[in-house]
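Content type mmCIF, C-alpha atoms, from the file model_11.cif:
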```
data_start
#
loop_
_atom_site.label_atom_id
_atom_site.label_comp_id
_atom_site.auth_asym_id
_atom_site.auth_seq_id
_atom_site.Cartn_x
_atom_site.Cartn_y
_atom_site.Cartn_z
CA MET M 407 -1.47 -10.92 5.61
CA THR M 408 -2.75 -7.61 6.87
CA THR M 409 -6.18 -7.56 5.26
CA GLN M 410 -9.13 -7.96 7.61
CA ARG M 411 -11.92 -10.01 6.08
CA ILE M 412 -15.31 -8.82 7.21
CA PRO M 413 -17.98 -11.33 6.31
CA GLY M 414 -21.64 -10.61 5.76
CA ASP M 415 -23.83 -7.67 6.33
CA ASN M 416 -22.77 -5.50 9.20
CA PHE M 417 -21.89 -1.93 10.06
CA GLU M 418 -18.41 -2.13 8.60
CA GLU M 419 -19.69 -3.47 5.27
CA ARG M 420 -22.48 -0.91 5.06
CA LEU M 421 -20.06 1.89 5.83
CA LEU M 422 -17.66 0.55 3.21
CA THR M 423 -20.43 0.58 0.60
CA ARG M 424 -21.21 4.22 1.36
CA LEU M 425 -17.58 5.26 1.35
CA LYS M 426 -16.88 3.47 -1.93
CA ALA M 427 -19.80 5.33 -3.47
CA GLU M 428 -18.10 8.54 -2.34
CA VAL M 429 -14.82 7.45 -3.93
CA ALA M 430 -16.58 6.47 -7.15
CA GLU M 431 -18.21 9.91 -7.29
CA ARG M 432 -14.83 11.52 -6.98
CA ARG M 433 -13.43 9.38 -9.74
CA ALA M 434 -16.33 10.36 -11.98
CA ALA M 435 -15.79 14.03 -11.13
CA GLU M 436 -12.09 13.71 -11.87
CA LYS M 437 -12.75 12.11 -15.23
CA ALA M 438 -15.24 14.84 -16.04
CA SER M 439 -12.66 17.55 -15.36
CA PRO M 440 -9.22 16.05 -15.91
CA ASP M 441 -7.54 19.43 -15.59
CA CYS M 442 -8.37 19.42 -11.92
CA ALA M 443 -7.04 15.94 -11.37
CA THR M 444 -4.38 15.87 -8.73
CA VAL M 445 -3.95 12.14 -8.38
CA ARG M 446 -1.36 10.37 -10.43
CA PRO M 447 -0.87 7.23 -8.46
CA VAL M 448 0.45 3.72 -8.68
CA TRP M 449 3.28 3.70 -11.19
CA ARG M 450 5.04 6.79 -10.06
CA ARG M 451 8.20 7.29 -12.02
CA ARG M 452 11.41 8.24 -10.45
CA VAL M 453 13.96 10.24 -12.39
CA PRO M 454 15.82 7.76 -14.55
CA ARG M 455 19.37 7.30 -13.51
CA LEU M 456 20.70 5.58 -16.59
CA ALA M 457 21.29 7.09 -19.97
CA LEU M 458 19.54 5.34 -22.79
CA GLY M 459 21.78 3.05 -24.73
CA ALA M 460 24.24 2.57 -21.91
CA THR M 461 26.16 -0.63 -22.24
CA ALA M 462 25.21 -3.50 -20.02
CA ALA M 463 28.50 -3.20 -18.16
CA ALA M 464 28.00 0.48 -17.47
CA ALA M 465 24.43 -0.22 -16.53
CA SER M 466 25.50 -2.91 -14.13
CA ALA M 467 28.01 -0.66 -12.40
CA ALA M 468 25.63 2.27 -12.14
CA ALA M 469 22.68 0.18 -11.14
CA VAL M 470 24.18 -0.84 -7.82
CA LEU M 471 23.66 2.70 -6.64
CA ALA M 472 20.54 3.24 -8.67
CA PHE M 473 18.66 0.30 -7.30
CA THR M 474 19.42 0.95 -3.69
CA ALA M 475 18.18 4.46 -4.30
CA GLY M 476 14.83 3.11 -5.44
CA GLY M 477 14.93 1.49 -8.84
CA GLU M 478 15.87 1.62 -12.43
CA THR M 479 13.84 3.09 -15.20
CA SER M 480 14.43 3.31 -18.92
CA ALA M 481 12.19 3.86 -21.88
CA ALA M 482 11.84 0.10 -22.29
CA PHE M 483 11.33 -1.03 -18.70
CA ALA M 484 11.12 -0.04 -15.07
CA VAL M 485 12.36 -2.06 -12.11
CA GLU M 486 11.53 -0.44 -8.80
CA ALA M 487 11.86 -1.42 -5.18
CA GLN M 488 8.48 -1.54 -3.45
CA PRO M 489 7.60 -1.86 0.22
CA GLU M 490 7.97 -5.16 2.04
CA GLY M 491 10.64 -6.61 -0.18
CA LEU M 492 8.62 -6.46 -3.36
CA VAL M 493 10.01 -5.39 -6.70
CA SER M 494 7.76 -4.05 -9.43
CA VAL M 495 8.70 -4.80 -13.00
CA GLU M 496 7.13 -3.04 -15.92
CA ILE M 497 8.00 -3.82 -19.53
CA ARG M 498 7.00 -1.04 -21.88
CA SER M 499 8.58 -2.16 -25.09
CA LEU M 500 10.43 -5.22 -26.28
CA GLU M 501 13.84 -3.58 -26.32
CA ASP M 502 16.99 -3.84 -24.25
CA PRO M 503 16.49 -7.31 -22.76
CA LYS M 504 20.05 -7.26 -21.38
CA GLY M 505 19.34 -3.98 -19.62
CA LEU M 506 16.28 -5.53 -17.99
CA GLU M 507 18.29 -8.58 -16.99
CA ALA M 508 20.90 -6.34 -15.41
CA ALA M 509 18.27 -4.30 -13.57
CA LEU M 510 16.60 -7.43 -12.23
CA ASP M 511 19.96 -8.83 -11.27
CA GLU M 512 20.74 -5.69 -9.30
CA ALA M 513 17.36 -6.05 -7.64
CA GLY M 514 18.47 -9.48 -6.44
CA ILE M 515 16.51 -11.44 -9.01
CA PRO M 516 18.64 -13.43 -11.47
CA ALA M 517 16.88 -13.29 -14.82
CA SER M 518 17.01 -14.47 -18.40
CA VAL M 519 15.15 -12.17 -20.78
CA ASN M 520 14.64 -12.92 -24.45
CA TYR M 521 12.74 -10.87 -27.00
CA LEU M 522 12.21 -12.54 -30.34
CA ALA M 523 10.91 -11.51 -33.72
CA ALA M 524 7.21 -11.94 -34.43
CA GLY M 525 6.26 -15.55 -35.03
CA MET M 526 9.31 -16.88 -33.24
CA ALA M 527 9.69 -18.73 -29.96
CA CYS M 528 12.54 -20.32 -28.02
CA LYS M 529 13.03 -23.98 -28.75
CA GLU M 530 11.64 -26.14 -25.97
CA PRO M 531 12.50 -27.63 -23.60
CA ARG M 532 14.81 -24.95 -22.32
CA PHE M 533 14.54 -25.30 -18.57
CA GLN M 534 12.72 -26.98 -15.73
CA SER M 535 10.07 -24.60 -14.46
CA VAL M 536 8.90 -24.51 -10.86
CA PRO M 537 5.53 -23.31 -9.60
CA TRP M 538 5.15 -19.67 -8.70
CA PRO M 539 5.39 -19.05 -5.00
CA ASP M 540 2.22 -18.44 -3.04
CA GLY M 541 0.26 -15.29 -3.66
CA ASP M 542 1.89 -13.33 -0.91
CA ARG M 543 5.34 -13.83 -2.34
CA ALA M 544 4.83 -13.11 -6.02
CA ILE M 545 2.09 -11.49 -7.99
CA VAL M 546 1.92 -11.92 -11.72
CA SER M 547 -0.48 -10.49 -14.24
CA GLY M 548 -3.05 -12.74 -15.80
CA PRO M 549 -3.33 -12.98 -19.56
CA GLY M 550 -4.22 -9.76 -21.29
CA THR M 551 -3.95 -8.22 -24.71
CA GLY M 552 -2.86 -4.88 -26.07
CA ASP M 553 0.18 -2.70 -26.28
CA GLY M 554 1.15 -2.92 -22.67
CA PRO M 555 2.94 -2.08 -20.57
CA PHE M 556 3.19 -5.52 -19.11
CA ALA M 557 3.69 -5.36 -15.38
CA PHE M 558 4.12 -7.65 -12.45
CA TRP M 559 5.35 -7.56 -8.87
CA ILE M 560 7.63 -10.13 -7.41
CA SER M 561 9.21 -10.49 -4.03
CA ARG M 562 12.98 -10.52 -3.82
CA ASP M 563 13.00 -14.00 -2.34
CA ALA M 564 10.59 -15.51 -4.88
CA VAL M 565 13.50 -16.65 -7.02
CA GLY M 566 15.59 -18.86 -4.80
CA PRO M 567 19.22 -19.96 -5.02
CA GLY M 568 19.90 -21.76 -8.29
CA GLN M 569 16.71 -20.38 -9.82
CA THR M 570 16.20 -17.87 -12.62
CA LEU M 571 13.31 -15.68 -13.63
CA VAL M 572 12.66 -16.36 -17.32
CA ILE M 573 10.88 -13.77 -19.44
CA THR M 574 10.20 -14.47 -23.09
CA ALA M 575 8.30 -12.29 -25.52
CA SER M 576 7.71 -11.79 -29.20
CA PRO M 577 5.37 -9.24 -30.79
CA SER M 578 1.89 -10.64 -30.95
CA PRO M 579 -1.57 -9.10 -30.94
CA GLU M 580 -2.92 -11.92 -28.80
CA VAL M 581 -1.02 -11.34 -25.60
CA LEU M 582 -0.19 -8.16 -23.79
CA LEU M 583 2.90 -6.64 -25.35
CA GLY M 584 3.74 -10.08 -26.70
CA VAL M 585 5.00 -11.28 -23.33
CA LYS M 586 4.36 -14.99 -23.43
CA GLN M 587 6.31 -16.39 -20.59
CA VAL M 588 7.19 -15.30 -17.09
CA ASP M 589 8.48 -18.39 -15.35
CA ILE M 590 10.80 -19.39 -12.58
CA ALA M 591 13.36 -21.93 -13.76
CA GLU M 592 15.17 -24.40 -11.56
CA GLY M 593 18.81 -24.99 -12.52
CA THR M 594 20.34 -24.21 -15.88
CA VAL M 595 18.46 -22.24 -18.48
CA ALA M 596 19.58 -23.13 -22.00
CA PRO M 597 20.21 -20.23 -24.39
CA CYS M 598 17.20 -19.34 -26.48
CA GLU M 599 17.31 -20.98 -29.87
CA PRO M 600 14.73 -19.15 -31.98
CA VAL M 601 12.36 -21.39 -33.91
CA GLY M 602 9.35 -20.47 -36.00
CA VAL M 603 5.94 -21.20 -34.59
CA PRO M 604 2.98 -21.84 -36.87
CA PRO M 605 0.22 -19.21 -36.68
CA ASN M 606 -2.54 -19.89 -34.14
CA SER M 607 -0.43 -22.40 -32.31
CA GLY M 608 -0.96 -20.52 -29.10
CA GLY M 609 2.58 -19.47 -29.12
CA MET L 927 17.01 13.14 -22.16
CA GLU L 928 13.42 12.56 -23.16
CA ILE L 929 12.39 10.43 -20.22
CA GLU L 930 13.68 13.03 -17.78
CA SER L 931 10.63 15.12 -18.57
CA ALA L 932 8.17 12.27 -18.69
CA VAL L 933 5.25 12.96 -16.37
CA PRO L 934 3.66 10.14 -14.40
CA LYS L 935 0.75 8.63 -16.24
CA PRO L 936 -2.46 7.33 -14.76
CA PRO L 937 -2.27 3.60 -14.16
CA ASN L 938 -3.21 1.50 -17.12
CA THR L 939 -5.68 -1.29 -16.65
CA LEU L 940 -3.18 -4.02 -16.00
CA SER L 941 -1.04 -1.99 -13.64
CA ARG L 942 -4.15 -0.99 -11.79
CA ARG L 943 -5.39 -4.55 -11.58
CA LEU L 944 -2.03 -5.71 -10.26
CA SER L 945 -2.07 -2.89 -7.75
CA VAL L 946 -5.49 -3.98 -6.53
CA VAL L 947 -4.33 -7.57 -6.20
CA ALA L 948 -1.22 -6.44 -4.35
CA ALA L 949 -3.27 -4.17 -2.09
CA ARG L 950 -5.64 -7.00 -1.18
CA GLU L 951 -2.85 -9.45 -0.57
CA ARG L 952 -0.34 -7.28 1.21
CA GLY L 953 -2.13 -4.14 2.26
CA VAL L 954 -2.12 -0.73 0.65
CA GLY L 955 1.50 0.41 0.52
CA PRO L 956 2.71 4.01 0.47
CA ASP L 957 2.73 4.04 -3.33
CA LEU L 958 -1.01 3.36 -3.45
CA VAL L 959 -2.38 5.60 -0.72
CA ARG L 960 -2.94 8.48 -3.12
CA SER L 961 -5.30 6.20 -5.08
CA ILE L 962 -7.73 5.56 -2.23
CA GLY L 963 -9.64 8.76 -2.97
CA THR L 964 -10.36 7.85 -6.56
CA ASP L 965 -10.14 4.07 -6.85
CA PRO L 966 -12.94 2.21 -5.04
CA ASP L 967 -11.08 -1.11 -5.17
CA ILE L 968 -7.92 0.30 -3.64
CA PHE L 969 -10.06 2.06 -1.05
CA ASP L 970 -11.80 -1.25 -0.32
CA ALA L 971 -8.46 -2.87 0.47
CA PHE L 972 -7.31 0.11 2.53
CA TYR L 973 -10.55 0.19 4.53
CA ARG L 974 -10.53 -3.53 5.31
CA GLU L 975 -6.95 -3.30 6.39
CA HIS L 976 -7.51 -0.44 8.81
CA VAL L 977 -11.17 -0.29 9.89
CA GLU L 978 -10.70 -2.33 13.03
CA ARG L 979 -7.68 -0.26 14.02
CA VAL L 980 -9.59 2.98 13.47
CA GLN L 981 -12.56 1.78 15.52
CA ARG L 982 -10.25 0.76 18.28
CA PHE L 983 -8.47 4.12 18.08
CA VAL L 984 -11.77 5.91 18.63
CA ALA L 985 -13.00 3.46 21.28
CA CYS L 986 -9.78 4.00 23.23
CA ARG L 987 -10.74 7.65 23.53
CA LEU L 988 -14.55 7.78 23.60
CA ASP L 989 -16.91 5.61 25.58
CA ASP L 990 -19.80 5.96 23.15
CA ARG L 991 -21.01 3.55 20.49
CA ASN L 992 -22.71 6.05 18.19
CA ARG L 993 -19.84 8.49 18.25
CA THR L 994 -17.44 5.65 17.56
CA ALA L 995 -19.47 4.80 14.47
CA ASP L 996 -19.79 8.45 13.39
CA LEU L 997 -16.12 9.18 13.85
CA THR L 998 -15.03 5.99 12.08
CA ALA L 999 -16.98 7.22 9.05
CA GLU L 1000 -15.55 10.73 9.38
CA ILE L 1001 -11.98 9.52 9.67
CA PHE L 1002 -12.22 7.52 6.46
CA LEU L 1003 -13.95 10.40 4.68
CA ALA L 1004 -11.14 12.69 5.81
CA ALA L 1005 -8.59 10.17 4.54
CA ILE L 1006 -10.35 10.13 1.16
CA ASP L 1007 -10.14 13.93 1.13
CA ALA L 1008 -6.50 14.00 2.19
CA ALA L 1009 -5.28 11.17 -0.04
CA PRO L 1010 -4.09 13.37 -2.94
CA ARG L 1011 -1.78 15.19 -0.52
CA TYR L 1012 -0.29 12.02 0.95
CA ARG L 1013 3.51 11.99 0.88
CA ALA L 1014 5.07 8.59 1.33
CA HIS L 1015 8.32 9.89 2.77
CA LYS L 1016 6.55 11.68 5.60
CA ALA L 1017 4.55 8.85 7.12
CA PRO L 1018 3.70 5.22 6.37
CA PRO L 1019 -0.01 4.67 5.65
CA LYS L 1020 -0.95 3.45 9.12
CA ALA L 1021 0.71 6.40 10.85
CA TRP L 1022 -0.80 8.79 8.32
CA LEU L 1023 -4.30 7.45 8.94
CA LEU L 1024 -3.94 7.54 12.71
CA GLY L 1025 -2.59 11.09 12.40
CA ILE L 1026 -5.86 11.98 10.67
CA ALA L 1027 -7.82 10.07 13.30
CA ARG L 1028 -6.14 12.09 16.06
CA VAL L 1029 -7.17 15.36 14.45
CA ILE L 1030 -10.75 14.23 13.90
CA VAL L 1031 -11.20 12.83 17.41
CA ALA L 1032 -9.53 15.82 19.05
CA SER L 1033 -11.69 18.19 17.05
CA ASP L 1034 -14.80 16.22 17.99
CA VAL L 1035 -13.93 16.31 21.66
CA ARG L 1036 -13.15 20.02 21.47
CA GLN L 1037 -16.24 21.07 19.61
CA GLY L 1038 -18.57 18.60 21.27
CA GLU L 1039 -22.28 18.49 20.69
CA ARG L 1040 -22.38 21.81 18.86
CA ARG L 1041 -20.75 20.21 15.87
CA ARG L 1042 -22.63 16.95 15.92
CA ARG L 1043 -25.93 18.24 14.64
CA GLY L 1044 -26.34 16.90 11.16
CA GLU L 1045 -23.13 18.43 9.88
CA GLU L 1046 -21.52 15.13 8.98
CA ARG L 1047 -21.66 14.09 5.37
CA LEU L 1048 -22.13 10.52 6.48
CA ARG L 1049 -23.46 9.57 9.89
CA GLY L 1050 -21.93 6.21 10.68
CA SER L 1051 -24.31 5.65 13.59
CA THR L 1052 -27.30 5.50 11.23
CA LEU L 1053 -25.76 2.36 9.74
CA LEU L 1054 -25.70 0.45 13.03
CA ASP L 1055 -28.13 -2.39 13.70
CA GLU L 1056 -28.59 -4.29 16.96
CA ASP L 1057 -25.89 -6.83 16.29
CA ASP L 1058 -23.43 -4.11 15.40
CA ALA L 1059 -24.34 -2.20 18.54
CA ALA L 1060 -23.60 -5.21 20.72
CA ARG L 1061 -20.33 -5.83 18.90
CA LEU L 1062 -19.22 -2.21 19.15
CA ASP L 1063 -20.14 -2.12 22.83
CA ALA L 1064 -17.98 -5.18 23.39
CA ARG L 1065 -15.13 -3.47 21.57
CA ILE L 1066 -15.56 -0.34 23.64
CA ASP L 1067 -15.60 -2.40 26.85
CA ALA L 1068 -12.50 -4.27 25.77
CA VAL L 1069 -10.43 -1.13 25.65
CA ALA L 1070 -11.60 0.31 28.95
CA ARG L 1071 -8.10 0.11 30.35
CA SER L 1072 -6.74 2.08 27.41
CA ARG L 1073 -9.34 4.78 28.03
CA GLU L 1074 -8.21 5.03 31.64
CA LEU L 1075 -4.68 5.46 30.43
CA TYR L 1076 -5.84 8.01 27.88
CA ALA L 1077 -7.68 9.94 30.59
CA ALA L 1078 -4.58 9.89 32.77
CA MET L 1079 -2.64 11.46 29.92
CA GLU L 1080 -4.93 14.44 29.74
CA ARG L 1081 -2.76 16.59 31.94
CA LEU L 1082 0.33 16.07 29.82
CA PRO L 1083 1.36 18.80 27.36
CA GLU L 1084 -0.18 18.13 23.95
CA GLY L 1085 3.09 17.38 22.14
CA GLU L 1086 4.24 14.82 24.69
CA ARG L 1087 0.83 13.31 25.01
CA ALA L 1088 0.45 12.78 21.27
CA VAL L 1089 3.58 10.66 21.01
CA LEU L 1090 2.81 8.65 24.13
CA GLU L 1091 -0.76 8.02 22.98
CA LEU L 1092 0.30 6.68 19.63
CA VAL L 1093 2.97 4.45 21.12
CA ALA L 1094 1.22 3.24 24.27
CA ILE L 1095 -2.39 3.02 23.10
CA ASP L 1096 -2.22 2.65 19.35
CA GLU L 1097 0.90 0.50 19.31
CA LEU L 1098 2.76 2.48 16.71
CA SER L 1099 6.52 2.26 16.65
CA LEU L 1100 8.38 5.37 17.81
CA LYS L 1101 9.30 6.12 14.19
CA GLU L 1102 5.68 5.80 13.06
CA ALA L 1103 4.46 7.95 15.95
CA ALA L 1104 7.04 10.58 14.99
CA ALA L 1105 5.78 10.50 11.41
CA ALA L 1106 2.15 10.76 12.51
CA THR L 1107 2.87 13.84 14.60
CA GLY L 1108 5.30 15.46 12.18
CA LEU L 1109 8.31 15.15 14.49
CA ARG L 1110 11.84 13.93 13.94
CA PRO L 1111 12.36 10.53 15.61
CA VAL L 1112 14.87 11.95 18.06
CA ALA L 1113 12.46 14.70 19.16
CA ALA L 1114 9.70 12.10 19.50
CA ARG L 1115 11.98 9.97 21.66
CA VAL L 1116 12.67 12.90 23.99
CA ARG L 1117 8.98 13.70 24.28
CA LEU L 1118 8.09 10.07 24.84
CA HIS L 1119 10.63 9.84 27.63
CA ARG L 1120 9.30 12.99 29.31
CA ALA L 1121 5.70 11.88 28.89
CA ARG L 1122 6.39 8.47 30.36
CA ARG L 1123 8.09 9.99 33.36
CA LYS L 1124 5.23 12.39 34.02
CA LEU L 1125 2.58 9.75 33.40
CA ARG L 1126 4.26 7.38 35.82
CA ALA L 1127 4.06 10.05 38.49
CA GLU L 1128 0.44 10.69 37.53
CA LEU L 1129 -0.48 7.00 37.70
CA ASP L 1130 1.32 6.56 40.99
CA ALA L 1131 -0.78 9.39 42.34
CA VAL L 1132 -4.14 8.02 41.21
CA ALA L 1133 -3.13 4.34 41.59
CA ILE L 1134 -5.20 2.87 38.80
CA GLU L 1135 -5.78 -0.82 39.35
CA PRO L 1136 -4.19 -2.96 36.64
CA ASN L 1137 -6.65 -4.73 34.40
CA PRO L 1138 -6.33 -8.50 34.93
CA HIS L 1139 -7.79 -9.36 31.53
CA LYS L 1140 -5.29 -7.45 29.40
CA GLU L 1141 -8.10 -6.95 26.94
CA ASP L 1142 -6.74 -3.98 25.13
CA GLN L 1143 -4.86 -6.02 22.62
CA PRO L 1144 -6.04 -5.69 19.02
#
```
Would you mind giving the structure from this file in structure tokens?
Amino acid sequence: MTTQRIPGDNFEERLLTRLKAEVAERRAAEKASPDCATVRPVWRRRVPRLALGATAAAASAAAVLAFTAGGETSAAFAVEAQPEGLVSVEIRSLEDPKGLEAALDEAGIPASVNYLAAGMACKEPRFQSVPWPDGDRAIVSGPGTGDGPFAFWISRDAVGPGQTLVITASPSPEVLLGVKQVDIAEGTVAPCEPVGVPPNSGG
Amino acid sequence: MEIESAVPKPPNTLSRRLSVVAARERGVGPDLVRSIGTDPDIFDAFYREHVERVQRFVACRLDDRNRTADLTAEIFLAAIDAAPRYRAHKAPPKAWLLGIARVIVASDVRQGERRRRGEERLRGSTLLDEDDAARLDARIDAVARSRELYAAMERLPEGERAVLELVAIDELSLKEAAAATGLRPVAARVRLHRARRKLRAELDAVAIEPNPHKEDQP
């Protein structure tokens, strides 16, 4: 871990407080005059390298090049290589699960992605889940609500041999973009058999 | 294709929150540096990651507690100013920041007292208390050997000296030092080689005693 923890009240903390006030002022000024804003950070998009609607096979072939060049982006998702072996995954709409699987696969993360209709879930049990790796190996969003996008970062080695990243979602106002499950499965993952879930079951 | 023309959007709340978590856990990566000028939480992570390195950078060059504090503040303010122009492909964050630190320290040394008369937006030295002073003095003492080395480099041409400084004193890799000084790695390697050769001759001439404590480690 590279972060230096500076406990208590000292010069470094006092300076940090002053500098953060400066940054906050700038943010306020930028919000007040958005036309002058020059900062568009964090989820910088690269030019998409795959045509929309490409078949999974075509996607898979093209993605070998695309991923090594920095990532894969479509209207529905973005998978991008980040520094230090991390991969950022952003799901913008519940479409093209196979494309996302292929992109994750090319990123070195075997995945099973299922998007279901509202009110549906995969029949359980489907797989044996394992705990997420420690914080410095995988970072996942907490629960949230809204239209998304749903995003998380994961390190390439978080999903080990014989393991699969499982993502399951169905439209729901209660969780962000309806993404209900981001798990690491050990061993076989059974195909998703959609079953109805009663309302307010927690999904 | 519609997404070809899509412009980057500001981070949404979740993306931002994840970025902050990632920055705290793993340091502020190149993709986040441009946020340090407008996102206090990302700046917080960036500052904590680098403040000790920046203080040491200054202390390796200046034997003065108050100026070390002032310049530490100035360097971070300059980074906040420069953040929107950061380009990830040119330099990793650490090299970028130390590149800024070089400019600030060099300018301070050049302009001297004339400049240090209330011009700073934020005087770091006014934030020091007694404990801090003792701690900073200890830090300054600990890098005495590096300052000797730095002083010995003074007669080298600027371009050669810059690369050697960053590699020998600030422990950057050759590639990072090249990025911080805007050189191609191969050019940096040539300059480093020349600088080392000249410095060796210089040190042989003045015969600086080696420091037995090897205290100039971070």
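Each of M:Tyr521, M:Trp559, M:Phe533, M:Phe483 was checked against chain L using all atoms listed in the file; the smallest atom-to-atom distance is that of M:Trp559.
The residues returned by the PyMOL selection byres ((chain L) within 6 of (chain M)) for this structure are Pro934, Pro936, Arg952, Gly953, Asp957, Leu958, Arg960, Ser961, Gly963, Thr964, Pro966, Arg974, Glu975, Pro1010, Leu1053, Leu1054 and Asp1058 of chain L.
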Quick one: which residues end up in the PyMOL selection byres ((chain L and resi 1087) around 10) for this structure, as a PyMOL selection string?
chain L and resi 1076+1079-1086+1088-1093+1117-1118+1120-1122+1125
Pick the closest to His976 of chain L from L:Leu1023, L:Leu988, L:Ala1004, L:Val946: which is it, counting all atoms listed in the file?
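Using all atoms listed in the file, the shortest distance to His976 of chain L belongs to L:Leu1023.
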When you draw a straight line from atom CA of Lys1124 of chain L to atom CA of Ala1103 of chain L, how long is it in Å?
18.6 Å
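Computed from the coordinates, the atom CA of Ala1064 of chain L to atom CA of Thr998 of chain L distance equals 16.2 Å.
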Suppose you want the space between atom CA of Val572 of chain M and atom CA of Ala948 of chain L; what is it in Å?
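If I compute the distance from atom CA of Val572 of chain M to atom CA of Ala948 of chain L, I get 21.4 Å.
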I need the residue nearest Gln534 of chain M from this list: M:Leu571, M:Val485, M:Val603, M:Leu506. Use only C-alpha atoms for the distance.
M:Leu571
